[in-house]
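A.B. asks: Questions regarding the structure given below will be posed in turn.
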Amino acid sequence: ACLMTSSVGRETTALLRVDLKTGETLEVISANDNCDVGGVVVDDDSKEVRAVTYNYARTERAFFDKELEHDYELLKSLGPDGAEVGIASKTEDEKTWIVAYSRSDGPTEYVVFDQEKKETKPLFVSKPDLLNYKFASMEDIRVKARDGLELVGYLTRADTEKKTPLILLVHGGPWARDYWGFNAQAQWFANRGYATLQMNYRGSTGYGKSFLHKGDGEWGVGTMQHDLTDAVQWAVDEGIVDPENICIYGGSYGGYACLAGLTFTPDVYKCGVDIVGPSNIKTLLDSIPPYWGPLRKDMLRKIGDVDADEE
């Protein structure tokens with residue numbers, strides 16, 4: 001038997017134990033109905049699963065080893081408030097760990113963890129010069145789209161006391177996603193008085209097959225773009241942003257969404273920044289070389305049959 005992740009017969013990927021000879025699933029070890037499996041921690045000797053990581057909005061873990069769970073809880077309590085705990089490496093006997101504390105409002109801090117003494121000591125900071133500055137915190141948010149679909153997003157405020165201009169920072173791909181953490185662009189904008197909103201609109205990865213394929217054929221004037229518009233409206237309704245000063249900004253697909261936003265919802269945005277975004281999907285697909293054929297076919301399935309569209 002072996003361990004594998006699979007979404008066959010289910011919405012999100014699950015961690016399975018599978019009989020390689022028969023293909024039979026012997027055990028569903030771990031699954032989350034909201035998001036796909038992320039990292040898997042396996043015991044080097046016994047090969048038993050110790051923990052499985054998920055990321056719907058923030059990093060979360062399902063533990064199968066009580067001692068490991070206790071160590072993570074201890075490490076979280078010893079680290080900066082609100083930081084996420086990650087293990088960079090361990091010695092072979094697992095008595096000494098290198099632990100990373102990731103924050104949204106500062107650089108990643110690394111410590112050495114003595115697993116027997118249950119103590120940490122500082123090792124280094126990834127970008128120590130940033131310790132001299134005050135940064136804004138990133139909040140994970142939930143937005144209901146107009147059709148009721150729940151969307152995960154991330155908000156970095158420039159001011160918590162008053163409305164500010166907003167930059168809607170649209171991730172590229174579009175088959176990718178945004179994560180919580182230190183985002184240099186969001187911090188740069190916040191430092192200059194602009195709140196930043198990042199949304200995992202439908203078509204983003206990590207949330208299962210249906211969520212991914214809800215974006216098929218929905219570029220530009222469809223629900224992928226509506227999700228972005230609805231997220232902006234949420235920020236307006238929450239009293240976070242000045243509705244007269246909203247910018248849509250992004251690269252690649254994010255640039256395409258910028259152009260679509262300015263074209264089809266011009267009253268929503270005061271301005272936009274398109275970074276290497278395609279303005280013509282047909283010329284984009286026609287530029288794909290023959291040896292990228294499978295990729296092109298996949299893009300046609302998700303975007304629409306551009307080849308047959310004479311307009």
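FYI, nothing fancy with the structure tokens labels: chains A, B, ... in order, residues from 1 per chain, ligands from 1 as they appear.
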Assign secondary structure with DSSP using the backbone only, and return the residues of stretch 67-178 of chain A in helix (DSSP H, G or I) as a PyMOL selection string.
C.D. replies: chain A and resi 67-78+128-132
A.B. asks: Please provide the set of residues having any atom within 10 Å of A:Ala257, restricted to only C-alpha atoms, with same-chain residues fewer than 6 positions apart removed, written as a ChimeraX atom specification.
C.D. replies: /A:170-172,174,219-221,224-225,228,248-251,263,272,274,277-279
A.B. asks: Could you pull the residues within 9 Å of A:Tyr179, counting only C-alpha atoms, minus those fewer than 2 positions along the same chain, as a ChimeraX atom specification?
C.D. replies: /A:55,57-58,140,153-154,177,181,198,200
A.B. asks: Those selected residues, please, written with all heavy atoms and delivered as a PDB file, in the first residue's frame.
C.D. replies:
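Saved to result.pdb:
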```pdb
ATOM      1  N   ASN A  55      -5.088  24.636   4.021  1.00  0.00           N
ATOM      2  CA  ASN A  55      -5.080  26.094   4.035  1.00  0.00           C
ATOM      3  C   ASN A  55      -6.324  26.609   3.325  1.00  0.00           C
ATOM      4  O   ASN A  55      -6.331  26.808   2.116  1.00  0.00           O
ATOM      5  CB  ASN A  55      -3.813  26.648   3.363  1.00  0.00           C
ATOM      6  CG  ASN A  55      -3.608  28.123   3.670  1.00  0.00           C
ATOM      7  OD1 ASN A  55      -4.554  28.914   3.623  1.00  0.00           O
ATOM      8  ND2 ASN A  55      -2.381  28.515   3.959  1.00  0.00           N
ATOM      9  N   ALA A  57      -8.070  29.481   4.647  1.00  0.00           N
ATOM     10  CA  ALA A  57      -7.710  30.897   4.717  1.00  0.00           C
ATOM     11  C   ALA A  57      -6.357  31.084   5.400  1.00  0.00           C
ATOM     12  O   ALA A  57      -5.552  31.916   4.998  1.00  0.00           O
ATOM     13  CB  ALA A  57      -8.783  31.682   5.477  1.00  0.00           C
ATOM     14  N   ARG A  58      -6.131  30.272   6.438  1.00  0.00           N
ATOM     15  CA  ARG A  58      -4.860  30.255   7.158  1.00  0.00           C
ATOM     16  C   ARG A  58      -4.416  28.798   7.275  1.00  0.00           C
ATOM     17  O   ARG A  58      -5.185  27.877   7.078  1.00  0.00           O
ATOM     18  CB  ARG A  58      -5.038  30.868   8.560  1.00  0.00           C
ATOM     19  CG  ARG A  58      -5.430  32.332   8.589  1.00  0.00           C
ATOM     20  CD  ARG A  58      -4.235  33.239   8.380  1.00  0.00           C
ATOM     21  NE  ARG A  58      -3.187  33.019   9.354  1.00  0.00           N
ATOM     22  CZ  ARG A  58      -3.090  33.673  10.521  1.00  0.00           C
ATOM     23  NH1 ARG A  58      -3.985  34.581  10.867  1.00  0.00           N
ATOM     24  NH2 ARG A  58      -2.074  33.441  11.338  1.00  0.00           N
ATOM     25  N   ASP A 140      -7.619  37.788   7.288  1.00  0.00           N
ATOM     26  CA  ASP A 140      -8.322  36.892   6.373  1.00  0.00           C
ATOM     27  C   ASP A 140      -9.816  37.154   6.513  1.00  0.00           C
ATOM     28  O   ASP A 140     -10.343  37.266   7.621  1.00  0.00           O
ATOM     29  CB  ASP A 140      -7.974  35.428   6.626  1.00  0.00           C
ATOM     30  CG  ASP A 140      -8.309  34.961   8.025  1.00  0.00           C
ATOM     31  OD1 ASP A 140      -7.559  35.311   8.950  1.00  0.00           O
ATOM     32  OD2 ASP A 140      -9.313  34.246   8.196  1.00  0.00           O
ATOM     33  N   GLY A 153     -10.656  35.906   1.208  1.00  0.00           N
ATOM     34  CA  GLY A 153      -9.821  37.016   0.762  1.00  0.00           C
ATOM     35  C   GLY A 153      -8.925  37.503   1.879  1.00  0.00           C
ATOM     36  O   GLY A 153      -8.991  37.021   3.025  1.00  0.00           O
ATOM     37  N   TYR A 154      -8.095  38.471   1.541  1.00  0.00           N
ATOM     38  CA  TYR A 154      -7.129  39.023   2.503  1.00  0.00           C
ATOM     39  C   TYR A 154      -7.144  40.544   2.396  1.00  0.00           C
ATOM     40  O   TYR A 154      -7.047  41.102   1.296  1.00  0.00           O
ATOM     41  CB  TYR A 154      -5.732  38.461   2.225  1.00  0.00           C
ATOM     42  CG  TYR A 154      -5.714  36.953   2.297  1.00  0.00           C
ATOM     43  CD1 TYR A 154      -5.813  36.176   1.142  1.00  0.00           C
ATOM     44  CD2 TYR A 154      -5.669  36.295   3.517  1.00  0.00           C
ATOM     45  CE1 TYR A 154      -5.847  34.794   1.203  1.00  0.00           C
ATOM     46  CE2 TYR A 154      -5.702  34.914   3.594  1.00  0.00           C
ATOM     47  CZ  TYR A 154      -5.788  34.165   2.439  1.00  0.00           C
ATOM     48  OH  TYR A 154      -5.841  32.795   2.518  1.00  0.00           O
ATOM     49  N   ARG A 177      -3.666  30.981  -6.309  1.00  0.00           N
ATOM     50  CA  ARG A 177      -4.422  31.565  -5.207  1.00  0.00           C
ATOM     51  C   ARG A 177      -3.532  32.483  -4.398  1.00  0.00           C
ATOM     52  O   ARG A 177      -2.293  32.426  -4.494  1.00  0.00           O
ATOM     53  CB  ARG A 177      -5.012  30.490  -4.299  1.00  0.00           C
ATOM     54  CG  ARG A 177      -3.972  29.608  -3.611  1.00  0.00           C
ATOM     55  CD  ARG A 177      -4.542  28.864  -2.409  1.00  0.00           C
ATOM     56  NE  ARG A 177      -4.883  29.770  -1.321  1.00  0.00           N
ATOM     57  CZ  ARG A 177      -5.380  29.372  -0.149  1.00  0.00           C
ATOM     58  NH1 ARG A 177      -5.608  28.091   0.075  1.00  0.00           N
ATOM     59  NH2 ARG A 177      -5.640  30.243   0.805  1.00  0.00           N
ATOM     60  N   GLY A 181      -0.023  36.233   4.735  1.00  0.00           N
ATOM     61  CA  GLY A 181       1.394  36.356   5.037  1.00  0.00           C
ATOM     62  C   GLY A 181       1.907  37.734   4.681  1.00  0.00           C
ATOM     63  O   GLY A 181       1.134  38.636   4.314  1.00  0.00           O
ATOM     64  N   GLN A 198      -7.206  41.353  -1.560  1.00  0.00           N
ATOM     65  CA  GLN A 198      -6.821  40.247  -2.435  1.00  0.00           C
ATOM     66  C   GLN A 198      -7.861  39.140  -2.277  1.00  0.00           C
ATOM     67  O   GLN A 198      -8.137  38.706  -1.155  1.00  0.00           O
ATOM     68  CB  GLN A 198      -5.435  39.714  -2.050  1.00  0.00           C
ATOM     69  CG  GLN A 198      -4.333  40.756  -2.127  1.00  0.00           C
ATOM     70  CD  GLN A 198      -3.061  40.293  -1.435  1.00  0.00           C
ATOM     71  OE1 GLN A 198      -2.760  40.695  -0.309  1.00  0.00           O
ATOM     72  NE2 GLN A 198      -2.299  39.443  -2.107  1.00  0.00           N
ATOM     73  N   ASN A 200      -9.565  35.317  -3.454  1.00  0.00           N
ATOM     74  CA  ASN A 200      -9.496  34.034  -4.148  1.00  0.00           C
ATOM     75  C   ASN A 200     -10.857  33.802  -4.810  1.00  0.00           C
ATOM     76  O   ASN A 200     -11.741  33.117  -4.280  1.00  0.00           O
ATOM     77  CB  ASN A 200      -9.130  32.912  -3.179  1.00  0.00           C
ATOM     78  CG  ASN A 200      -7.668  32.975  -2.774  1.00  0.00           C
ATOM     79  OD1 ASN A 200      -6.818  33.385  -3.565  1.00  0.00           O
ATOM     80  ND2 ASN A 200      -7.363  32.579  -1.552  1.00  0.00           N
TER      81      ASN A 200
END
```
A.B. asks: Counting only C-alpha atoms, figure out which residue out of A:Glu310, A:Asp36, A:Asp129, A:Glu94 gets nearest to A:Glu116.
C.D. replies: A:Glu94
A.B. asks: Between atom CA of A:Leu168 and atom CA of A:Ile303, what is the distance in Å, rounded to a tenth?
C.D. replies: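 These atoms are spaced 22.3 Å apart.
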A.B. asks: Figure out the distance between atom CA of A:Thr53 and atom CA of A:Leu15, please, to one decimal in Å.
C.D. replies: 10.5 Å
A.B. asks: From the set A:His213, A:Phe182, A:Trp97, A:Asp305, which residue has the shortest atom-to-atom contact distance to A:Lys121, counting only C-alpha atoms?
C.D. replies: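 Once distances to A:Lys121 are computed over only C-alpha atoms, the minimum belongs to A:Trp97.
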A.B. asks: Considering only C-alpha atoms, return as number ranges by chain whatever protein or nucleic-acid residues lie within 9 Å of A:Phe135, sequence-local ones (same chain, fewer than 5 positions apart) excluded.
C.D. replies: A: 104-106, 130, 187, 190-191
A.B. asks: Please, could you write that set of residues out with all heavy atoms as an mmCIF file, in the first residue's frame?
C.D. replies:
```cif
data_model
loop_
_atom_site.group_PDB
_atom_site.id
_atom_site.type_symbol
_atom_site.label_atom_id
_atom_site.label_comp_id
_atom_site.auth_asym_id
_atom_site.auth_seq_id
_atom_site.Cartn_x
_atom_site.Cartn_y
_atom_site.Cartn_z
ATOM 1 N N SER A 104 2.384 38.340 9.009
ATOM 2 C CA SER A 104 1.929 39.221 7.937
ATOM 3 C C SER A 104 2.452 40.637 8.122
ATOM 4 O O SER A 104 2.425 41.441 7.195
ATOM 5 C CB SER A 104 0.397 39.257 7.894
ATOM 6 O OG SER A 104 -0.138 39.900 9.047
ATOM 7 N N ASP A 105 2.937 40.931 9.318
ATOM 8 C CA ASP A 105 3.362 42.302 9.634
ATOM 9 C C ASP A 105 4.849 42.388 9.966
ATOM 10 O O ASP A 105 5.281 43.245 10.744
ATOM 11 C CB ASP A 105 2.540 42.869 10.790
ATOM 12 C CG ASP A 105 2.642 42.027 12.056
ATOM 13 O OD1 ASP A 105 3.225 40.916 11.999
ATOM 14 O OD2 ASP A 105 2.148 42.478 13.106
ATOM 15 N N GLY A 106 5.647 41.508 9.387
ATOM 16 C CA GLY A 106 7.080 41.550 9.634
ATOM 17 C C GLY A 106 7.778 40.384 8.967
ATOM 18 O O GLY A 106 7.138 39.490 8.396
ATOM 19 N N LEU A 130 13.931 44.957 8.147
ATOM 20 C CA LEU A 130 12.501 45.246 8.247
ATOM 21 C C LEU A 130 12.038 45.378 9.695
ATOM 22 O O LEU A 130 10.949 45.901 9.956
ATOM 23 C CB LEU A 130 11.696 44.143 7.550
ATOM 24 C CG LEU A 130 11.886 44.009 6.034
ATOM 25 C CD1 LEU A 130 10.963 42.929 5.490
ATOM 26 C CD2 LEU A 130 11.624 45.330 5.332
ATOM 27 N N GLN A 187 2.008 45.913 1.657
ATOM 28 C CA GLN A 187 2.637 46.785 2.663
ATOM 29 C C GLN A 187 3.048 48.124 2.056
ATOM 30 O O GLN A 187 2.912 49.173 2.686
ATOM 31 C CB GLN A 187 3.862 46.087 3.270
ATOM 32 C CG GLN A 187 3.537 44.845 4.073
ATOM 33 C CD GLN A 187 2.691 45.117 5.306
ATOM 34 O OE1 GLN A 187 2.595 46.254 5.782
ATOM 35 N NE2 GLN A 187 2.078 44.078 5.842
ATOM 36 N N ALA A 190 -0.153 50.089 1.715
ATOM 37 C CA ALA A 190 -0.660 50.522 3.018
ATOM 38 C C ALA A 190 0.173 51.666 3.580
ATOM 39 O O ALA A 190 -0.352 52.608 4.176
ATOM 40 C CB ALA A 190 -0.673 49.343 3.992
ATOM 41 N N ASN A 191 1.484 51.583 3.372
ATOM 42 C CA ASN A 191 2.386 52.631 3.849
ATOM 43 C C ASN A 191 2.067 53.979 3.223
ATOM 44 O O ASN A 191 2.307 55.030 3.812
ATOM 45 C CB ASN A 191 3.825 52.223 3.542
ATOM 46 C CG ASN A 191 4.839 53.244 4.002
ATOM 47 O OD1 ASN A 191 5.290 54.072 3.215
ATOM 48 N ND2 ASN A 191 5.182 53.193 5.281
#
```
A.B. asks: Pick out the residues sitting within 12 Å of A:Asp309, and hand them over as a list in words; count only C-alpha atoms, and ignore anything fewer than 3 positions along from it in its own chain.
C.D. replies: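 Here the qualifying residues turn out to be Ile281, Lys282, Leu300, Ile303, Gly304, Asp305 and Val306 of chain A.
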